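Coordinates from upload11.csv are shown below (CSV, C-alpha atoms).
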```
chain,number,residue,atom,x,y,z
U,1,MET,CA,-53.4,1.1,69.7
U,2,SER,CA,-56.6,-0.8,70.6
U,3,PRO,CA,-59.0,-2.3,68.0
U,4,ARG,CA,-61.6,0.2,69.1
U,5,ALA,CA,-59.2,3.1,68.4
U,6,LEU,CA,-58.4,1.7,64.9
U,7,ALA,CA,-62.1,1.4,64.2
U,8,LEU,CA,-62.5,5.1,65.0
U,9,HIS,CA,-59.8,5.9,62.4
U,10,PRO,CA,-60.6,4.0,59.2
U,11,GLY,CA,-58.5,6.4,57.2
U,12,ARG,CA,-55.4,4.9,58.8
U,13,TRP,CA,-56.2,1.6,57.3
U,14,GLY,CA,-56.4,3.2,53.8
U,15,TRP,CA,-53.0,4.8,54.2
U,16,ALA,CA,-51.5,1.5,55.5
U,17,LEU,CA,-52.9,-0.4,52.5
U,18,LEU,CA,-51.6,2.4,50.2
U,19,ALA,CA,-48.1,2.1,51.7
U,20,ILE,CA,-48.1,-1.7,51.3
U,21,TYR,CA,-49.3,-1.4,47.7
U,22,THR,CA,-46.7,1.2,46.9
U,23,PHE,CA,-44.0,-1.0,48.4
U,24,LEU,CA,-45.1,-4.1,46.5
U,25,PHE,CA,-45.2,-2.0,43.3
U,26,PHE,CA,-41.7,-0.8,43.6
U,27,VAL,CA,-40.5,-4.4,44.4
U,28,PHE,CA,-42.3,-5.6,41.3
U,29,VAL,CA,-40.6,-3.0,39.2
U,30,PHE,CA,-37.1,-2.9,40.6
U,31,ALA,CA,-36.6,-6.5,41.7
U,32,PRO,CA,-35.9,-7.8,38.1
U,33,ILE,CA,-33.5,-4.9,37.5
U,34,ALA,CA,-31.7,-5.7,40.7
U,35,VAL,CA,-31.4,-9.4,39.8
U,36,VAL,CA,-30.0,-8.5,36.3
U,37,VAL,CA,-27.3,-6.3,37.9
U,38,ALA,CA,-26.5,-8.9,40.6
U,39,VAL,CA,-26.2,-11.7,38.0
U,40,SER,CA,-23.7,-9.6,36.0
U,41,PHE,CA,-21.2,-10.0,38.9
U,42,THR,CA,-21.6,-13.7,39.3
U,43,ALA,CA,-18.7,-16.1,39.2
U,44,GLU,CA,-21.0,-18.8,37.8
U,45,GLN,CA,-20.9,-19.9,34.2
U,46,GLY,CA,-24.7,-19.7,33.8
U,47,VAL,CA,-27.5,-17.3,34.6
U,48,GLN,CA,-28.9,-18.3,38.0
U,49,PHE,CA,-30.0,-16.5,41.2
U,50,PRO,CA,-29.0,-16.6,44.0
U,51,PHE,CA,-25.4,-17.3,43.0
U,52,ASP,CA,-22.1,-18.1,44.8
U,53,GLY,CA,-19.0,-16.0,44.3
U,54,PHE,CA,-18.3,-12.4,43.0
U,55,SER,CA,-16.4,-11.7,39.8
U,56,PHE,CA,-15.9,-9.1,37.1
U,57,GLN,CA,-15.3,-11.8,34.5
U,58,TRP,CA,-18.4,-11.0,32.5
U,59,TYR,CA,-17.5,-7.4,32.1
U,60,GLU,CA,-14.1,-8.5,30.9
U,61,ARG,CA,-16.0,-10.7,28.4
U,62,LEU,CA,-17.7,-7.6,27.0
U,63,TRP,CA,-14.3,-6.2,26.0
U,64,GLN,CA,-13.1,-9.5,24.6
U,65,TYR,CA,-16.3,-10.0,22.5
U,66,ARG,CA,-15.8,-7.2,19.9
U,67,PRO,CA,-19.3,-7.2,18.5
U,68,PHE,CA,-20.6,-5.9,21.9
U,69,VAL,CA,-18.1,-3.0,21.9
U,70,ASP,CA,-18.5,-2.1,18.2
U,71,SER,CA,-22.3,-2.2,18.3
U,72,LEU,CA,-22.4,-0.2,21.5
U,73,LEU,CA,-20.3,2.6,19.8
U,74,THR,CA,-22.5,2.4,16.7
U,75,SER,CA,-25.6,2.7,18.9
U,76,LEU,CA,-24.2,5.8,20.7
U,77,TYR,CA,-23.2,7.4,17.4
U,78,LEU,CA,-26.6,6.6,15.9
U,79,ALA,CA,-28.5,7.9,18.9
U,80,LEU,CA,-26.6,11.2,19.0
U,81,ALA,CA,-26.7,11.8,15.3
U,82,SER,CA,-30.4,11.0,15.0
U,83,ALA,CA,-31.2,13.3,17.9
U,84,LEU,CA,-29.2,16.2,16.3
U,85,ALA,CA,-30.9,15.6,12.9
U,86,ALA,CA,-34.3,15.5,14.6
U,87,ILE,CA,-33.6,18.9,16.3
U,88,VAL,CA,-32.9,20.5,12.9
U,89,VAL,CA,-36.3,19.4,11.6
U,90,ALA,CA,-38.3,19.6,14.9
U,91,ILE,CA,-37.5,23.2,15.9
U,92,PRO,CA,-38.9,24.9,12.7
U,93,ALA,CA,-41.9,22.6,12.8
U,94,ALA,CA,-42.6,23.4,16.5
U,95,LEU,CA,-42.3,27.1,15.9
U,96,TYR,CA,-44.7,27.0,13.0
U,97,LEU,CA,-47.2,24.8,14.7
U,98,GLY,CA,-47.0,26.9,17.9
U,99,ARG,CA,-48.1,30.0,16.1
U,100,SER,CA,-50.8,28.3,14.1
U,101,HIS,CA,-54.2,27.1,15.5
U,102,GLY,CA,-56.0,26.1,12.4
U,103,THR,CA,-57.2,22.7,11.3
U,104,LEU,CA,-54.2,22.1,9.1
U,105,ALA,CA,-51.8,22.8,12.0
U,106,THR,CA,-53.7,20.5,14.3
U,107,ALA,CA,-53.6,17.7,11.6
U,108,ILE,CA,-49.9,18.2,11.1
U,109,ALA,CA,-49.3,18.0,14.9
U,110,SER,CA,-51.3,14.8,15.1
U,111,PHE,CA,-49.5,13.4,12.1
U,112,LEU,CA,-46.1,13.9,13.8
U,113,LEU,CA,-47.2,11.4,16.4
U,114,ALA,CA,-47.5,8.7,13.8
U,115,PRO,CA,-44.0,7.2,14.3
U,116,ILE,CA,-44.9,6.7,18.0
U,117,ALA,CA,-48.4,5.4,17.4
U,118,ILE,CA,-47.6,3.0,14.6
U,119,PRO,CA,-45.9,-0.3,15.5
U,120,ALA,CA,-42.1,-0.1,14.9
U,121,LEU,CA,-42.3,-3.4,12.9
U,122,VAL,CA,-44.7,-1.7,10.4
U,123,ILE,CA,-42.5,1.4,10.1
U,124,GLY,CA,-39.4,-0.7,9.6
U,125,MET,CA,-40.9,-2.8,6.9
U,126,SER,CA,-42.3,0.2,5.1
U,127,LEU,CA,-39.0,2.1,5.2
U,128,LEU,CA,-37.1,-1.0,4.1
U,129,TYR,CA,-39.1,-1.1,0.9
U,130,PHE,CA,-39.1,2.7,0.4
U,131,LEU,CA,-35.3,3.2,1.0
U,132,SER,CA,-34.5,0.3,-1.2
U,133,ALA,CA,-36.7,1.8,-4.0
U,134,ILE,CA,-34.7,5.0,-3.9
U,135,GLY,CA,-31.3,3.3,-3.8
U,136,ILE,CA,-30.5,3.4,-0.1
U,137,GLY,CA,-29.9,-0.2,1.0
U,138,VAL,CA,-29.1,-1.5,4.5
U,139,SER,CA,-26.4,0.7,5.9
U,140,PHE,CA,-25.6,3.2,8.6
U,141,THR,CA,-27.3,5.9,6.5
U,142,ALA,CA,-30.6,3.8,6.4
U,143,LEU,CA,-30.3,3.4,10.2
U,144,LEU,CA,-29.8,7.1,10.7
U,145,ILE,CA,-32.8,8.0,8.5
U,146,THR,CA,-35.1,5.5,10.3
U,147,HIS,CA,-34.1,6.5,13.8
U,148,THR,CA,-34.3,10.2,12.9
U,149,ILE,CA,-37.9,9.8,11.7
U,150,VAL,CA,-38.9,8.4,15.1
U,151,SER,CA,-36.8,11.0,17.0
U,152,ILE,CA,-38.5,13.9,15.2
U,153,SER,CA,-41.8,12.9,16.9
U,154,TYR,CA,-40.3,13.1,20.4
U,155,VAL,CA,-38.4,16.4,19.9
U,156,THR,CA,-41.3,18.1,18.1
U,157,ARG,CA,-43.9,17.2,20.7
U,158,THR,CA,-41.8,18.3,23.7
U,159,THR,CA,-40.6,21.5,22.0
U,160,LEU,CA,-44.1,22.4,20.9
U,161,SER,CA,-45.5,21.8,24.3
U,162,VAL,CA,-43.0,24.2,25.9
U,163,TYR,CA,-43.3,26.8,23.1
U,164,ARG,CA,-47.1,27.0,23.5
U,165,SER,CA,-46.6,27.7,27.2
U,166,VAL,CA,-44.3,30.7,26.4
U,167,SER,CA,-45.8,34.1,26.1
U,168,HIS,CA,-45.4,35.4,22.5
U,169,SER,CA,-45.3,38.9,23.9
U,170,LEU,CA,-41.6,38.4,24.8
U,171,GLY,CA,-40.6,37.9,21.1
U,172,GLU,CA,-42.8,40.8,20.1
U,173,ALA,CA,-41.2,43.0,22.7
U,174,ALA,CA,-37.7,42.1,21.4
U,175,ALA,CA,-38.9,43.0,17.8
U,176,VAL,CA,-40.3,46.3,19.0
U,177,LEU,CA,-36.9,47.1,20.6
U,178,GLY,CA,-35.2,46.6,17.2
U,179,ALA,CA,-34.0,43.0,17.4
U,180,SER,CA,-33.9,41.1,14.1
U,181,PRO,CA,-35.9,37.9,13.7
U,182,TRP,CA,-32.7,35.9,14.0
U,183,ARG,CA,-31.5,37.7,17.1
U,184,THR,CA,-35.0,37.3,18.6
U,185,PHE,CA,-34.9,33.6,18.0
U,186,THR,CA,-31.4,33.0,19.3
U,187,ASN,CA,-31.6,35.4,22.3
U,188,VAL,CA,-35.2,35.0,23.3
U,189,THR,CA,-37.1,32.1,21.8
U,190,LEU,CA,-34.3,29.5,21.8
U,191,PRO,CA,-33.4,29.8,25.5
U,192,LEU,CA,-37.1,29.6,26.4
U,193,ILE,CA,-37.7,26.4,24.5
U,194,ALA,CA,-34.3,24.8,25.3
U,195,PRO,CA,-35.8,22.6,28.1
U,196,GLY,CA,-38.3,21.1,25.6
U,197,ILE,CA,-35.6,20.5,23.0
U,198,PHE,CA,-33.3,18.9,25.6
U,199,ALA,CA,-36.1,16.7,27.0
U,200,GLY,CA,-37.2,15.6,23.5
U,201,SER,CA,-33.6,14.8,22.5
U,202,LEU,CA,-33.1,12.8,25.7
U,203,PHE,CA,-36.2,10.7,25.0
U,204,ALA,CA,-35.0,10.3,21.4
U,205,ILE,CA,-31.6,9.1,22.5
U,206,LEU,CA,-33.0,6.6,25.0
U,207,VAL,CA,-35.5,5.2,22.5
U,208,SER,CA,-32.8,4.9,19.9
U,209,LEU,CA,-30.4,3.0,22.2
U,210,ASP,CA,-33.1,0.5,23.0
U,211,ASN,CA,-34.7,0.2,19.5
U,212,LEU,CA,-34.6,-3.3,18.2
U,213,ALA,CA,-37.4,-3.5,15.7
U,214,LEU,CA,-36.2,-0.8,13.4
U,215,SER,CA,-32.5,-1.6,13.7
U,216,TYR,CA,-33.1,-5.2,12.9
U,217,PHE,CA,-34.1,-4.3,9.3
U,218,PHE,CA,-31.2,-2.1,8.4
U,219,GLY,CA,-28.2,-3.4,10.2
U,220,THR,CA,-25.4,-5.1,8.3
U,221,ALA,CA,-22.7,-7.6,9.3
U,222,ASN,CA,-20.3,-4.7,10.0
U,223,VAL,CA,-22.7,-2.0,11.1
U,224,THR,CA,-25.4,-2.9,13.6
U,225,THR,CA,-26.8,-1.8,16.9
U,226,LEU,CA,-26.4,-3.2,20.3
U,227,PRO,CA,-29.9,-4.6,20.8
U,228,VAL,CA,-29.5,-6.6,17.5
U,229,VAL,CA,-26.2,-8.0,18.6
U,230,MET,CA,-27.7,-8.9,22.0
U,231,LEU,CA,-30.5,-10.8,20.4
U,232,SER,CA,-28.1,-12.7,18.1
U,233,TYR,CA,-25.9,-13.5,21.1
U,234,MET,CA,-28.8,-14.9,23.1
U,235,GLN,CA,-29.9,-17.1,20.2
U,236,ASN,CA,-26.6,-18.9,20.3
U,237,GLN,CA,-25.7,-18.8,24.0
U,238,PHE,CA,-27.1,-17.4,27.2
U,239,ASP,CA,-24.6,-16.5,29.9
U,240,PRO,CA,-24.2,-13.6,32.4
U,241,ALA,CA,-22.5,-11.5,29.7
U,242,ILE,CA,-26.0,-10.5,28.6
U,243,ALA,CA,-26.7,-9.2,32.2
U,244,ALA,CA,-23.4,-7.3,32.1
U,245,ILE,CA,-24.1,-5.5,28.8
U,246,SER,CA,-27.7,-4.8,30.1
U,247,THR,CA,-26.2,-3.2,33.2
U,248,VAL,CA,-24.0,-1.0,31.0
U,249,GLN,CA,-27.1,0.1,29.1
U,250,MET,CA,-28.9,1.0,32.3
U,251,ALA,CA,-25.8,2.9,33.5
U,252,ILE,CA,-25.8,5.0,30.3
U,253,SER,CA,-29.5,5.8,30.8
U,254,ILE,CA,-28.9,6.8,34.5
U,255,ILE,CA,-26.0,9.0,33.5
U,256,LEU,CA,-28.2,10.8,30.9
U,257,LEU,CA,-30.9,11.4,33.5
U,258,LEU,CA,-28.3,12.7,35.9
U,259,ILE,CA,-27.1,15.1,33.2
U,260,VAL,CA,-30.6,16.3,32.8
U,261,GLU,CA,-31.0,16.8,36.5
U,262,LYS,CA,-27.8,18.8,36.8
U,263,THR,CA,-28.6,20.9,33.7
U,264,TYR,CA,-32.3,21.7,33.9
U,265,GLY,CA,-33.7,19.5,36.7
U,266,LEU,CA,-36.2,16.8,36.1
U,267,ARG,CA,-38.9,18.8,37.9
U,268,ALA,CA,-38.4,21.7,35.5
U,269,LEU,CA,-38.9,19.4,32.5
U,270,THR,CA,-42.1,17.9,33.9
U,271,THR,CA,-43.8,21.1,34.9
U,272,GLN,CA,-43.7,22.8,31.6
```
Show me the file's structure as structure tokens.
Amino acid sequence: MSPRALALHPGRWGWALLAIYTFLFFVFVFAPIAVVVAVSFTAEQGVQFPFDGFSFQWYERLWQYRPFVDSLLTSLYLALASALAAIVVAIPAALYLGRSHGTLATAIASFLLAPIAIPALVIGMSLLYFLSAIGIGVSFTALLITHTIVSISYVTRTTLSVYRSVSHSLGEAAAVLGASPWRTFTNVTLPLIAPGIFAGSLFAILVSLDNLALSYFFGTANVTTLPVVMLSYMQNQFDPAIAAISTVQMAISIILLLIVEKTYGLRALTTQ
């Protein structure tokens, strides 16, 4: 195309610049991730890129280094347990706030965002003093309470958002037809808000698996989470085993997202 033709179509320059910007943005975001995954398969003894040789030795190192395996299992148990505990608290809260439109309900809904808005370091320090004062020292129980407090915010907000978009006439119709409150909830309300509960639980699990600031305060020598073990490992040595365990973490996150896609579809969760 001649320069004169391009001058007559300035919009094409805009689309070309947008395409270049989008490409560079994705390179900026995904290049570090790709390097981490690639380094996890290196045959070298140190972290360097590019590297020579291909090996699974660092994944074998993960199984040989028991703190990695034990802390990964602890993180998975903790993430699932805190998400389930958050669901128990979040569903009644979302149902109450979804039916209320007063100042108090608005204040409570805003307050539920506090664990997200306040720095995790501040929450961890505060809960450390509070739980110690009531006799709960550093333990798995303390970890569970702390992670549940943060998880409640995610589950409540997503469930509340979906519940407010649901017509209350559906529940009223079920009641008119003779359904009990419990049957109305289990057969009508719960299936409608399930995508919000599922999405909030997913966010809670992902945040819990990657939470370092809170876990750092409450872990013990025998019970601690994977991010804390990774930090401790890097303080003493830095080899491609860190890249391998990071790749495993990313794989877990991708699997969770695939489960969501197969169950509800990511588009369904983002259009509520």
*Residue contacts of Tyr233 of chain U (10 Å, all atoms listed in the file) excluding same-chain residues fewer than 6 positions away, as a PyMOL selection string*: chain U and resi 67-68+227+239+241-242
_Taking only C-alpha atoms into account, name the residue in U:Leu127, U:Ala179, U:Ala199, U:Met230 that is nearest to Ala244 of chain U._
U:Met230
*What does the distance from atom CA of Leu72 of chain U to atom CA of Val27 of chain U come to in Å, to one decimal?*
29.5 Å
*Could you work out how far atom CA of Ala90 of chain U lies from atom CA of Leu212 of chain U, giving the answer in Å with one decimal?*
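Going from atom CA of Leu212 of chain U over to atom CA of Ala90 of chain U, I get 23.4 Å.
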*Enter the distance from atom CA of Gly219 of chain U to atom CA of Val37 of chain U, in Å, rounded to one decimal.*
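Going from atom CA of Gly219 of chain U over to atom CA of Val37 of chain U covers 27.9 Å.
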*Skip segment 108-115 of chain U itself and residues of its chain fewer than 6 positions away, then list as an MDAnalysis selection string all residues within 8 Å of it, counting all atoms listed in the file.*
chainID U and resid 97 123 149:150 152:153 156:157
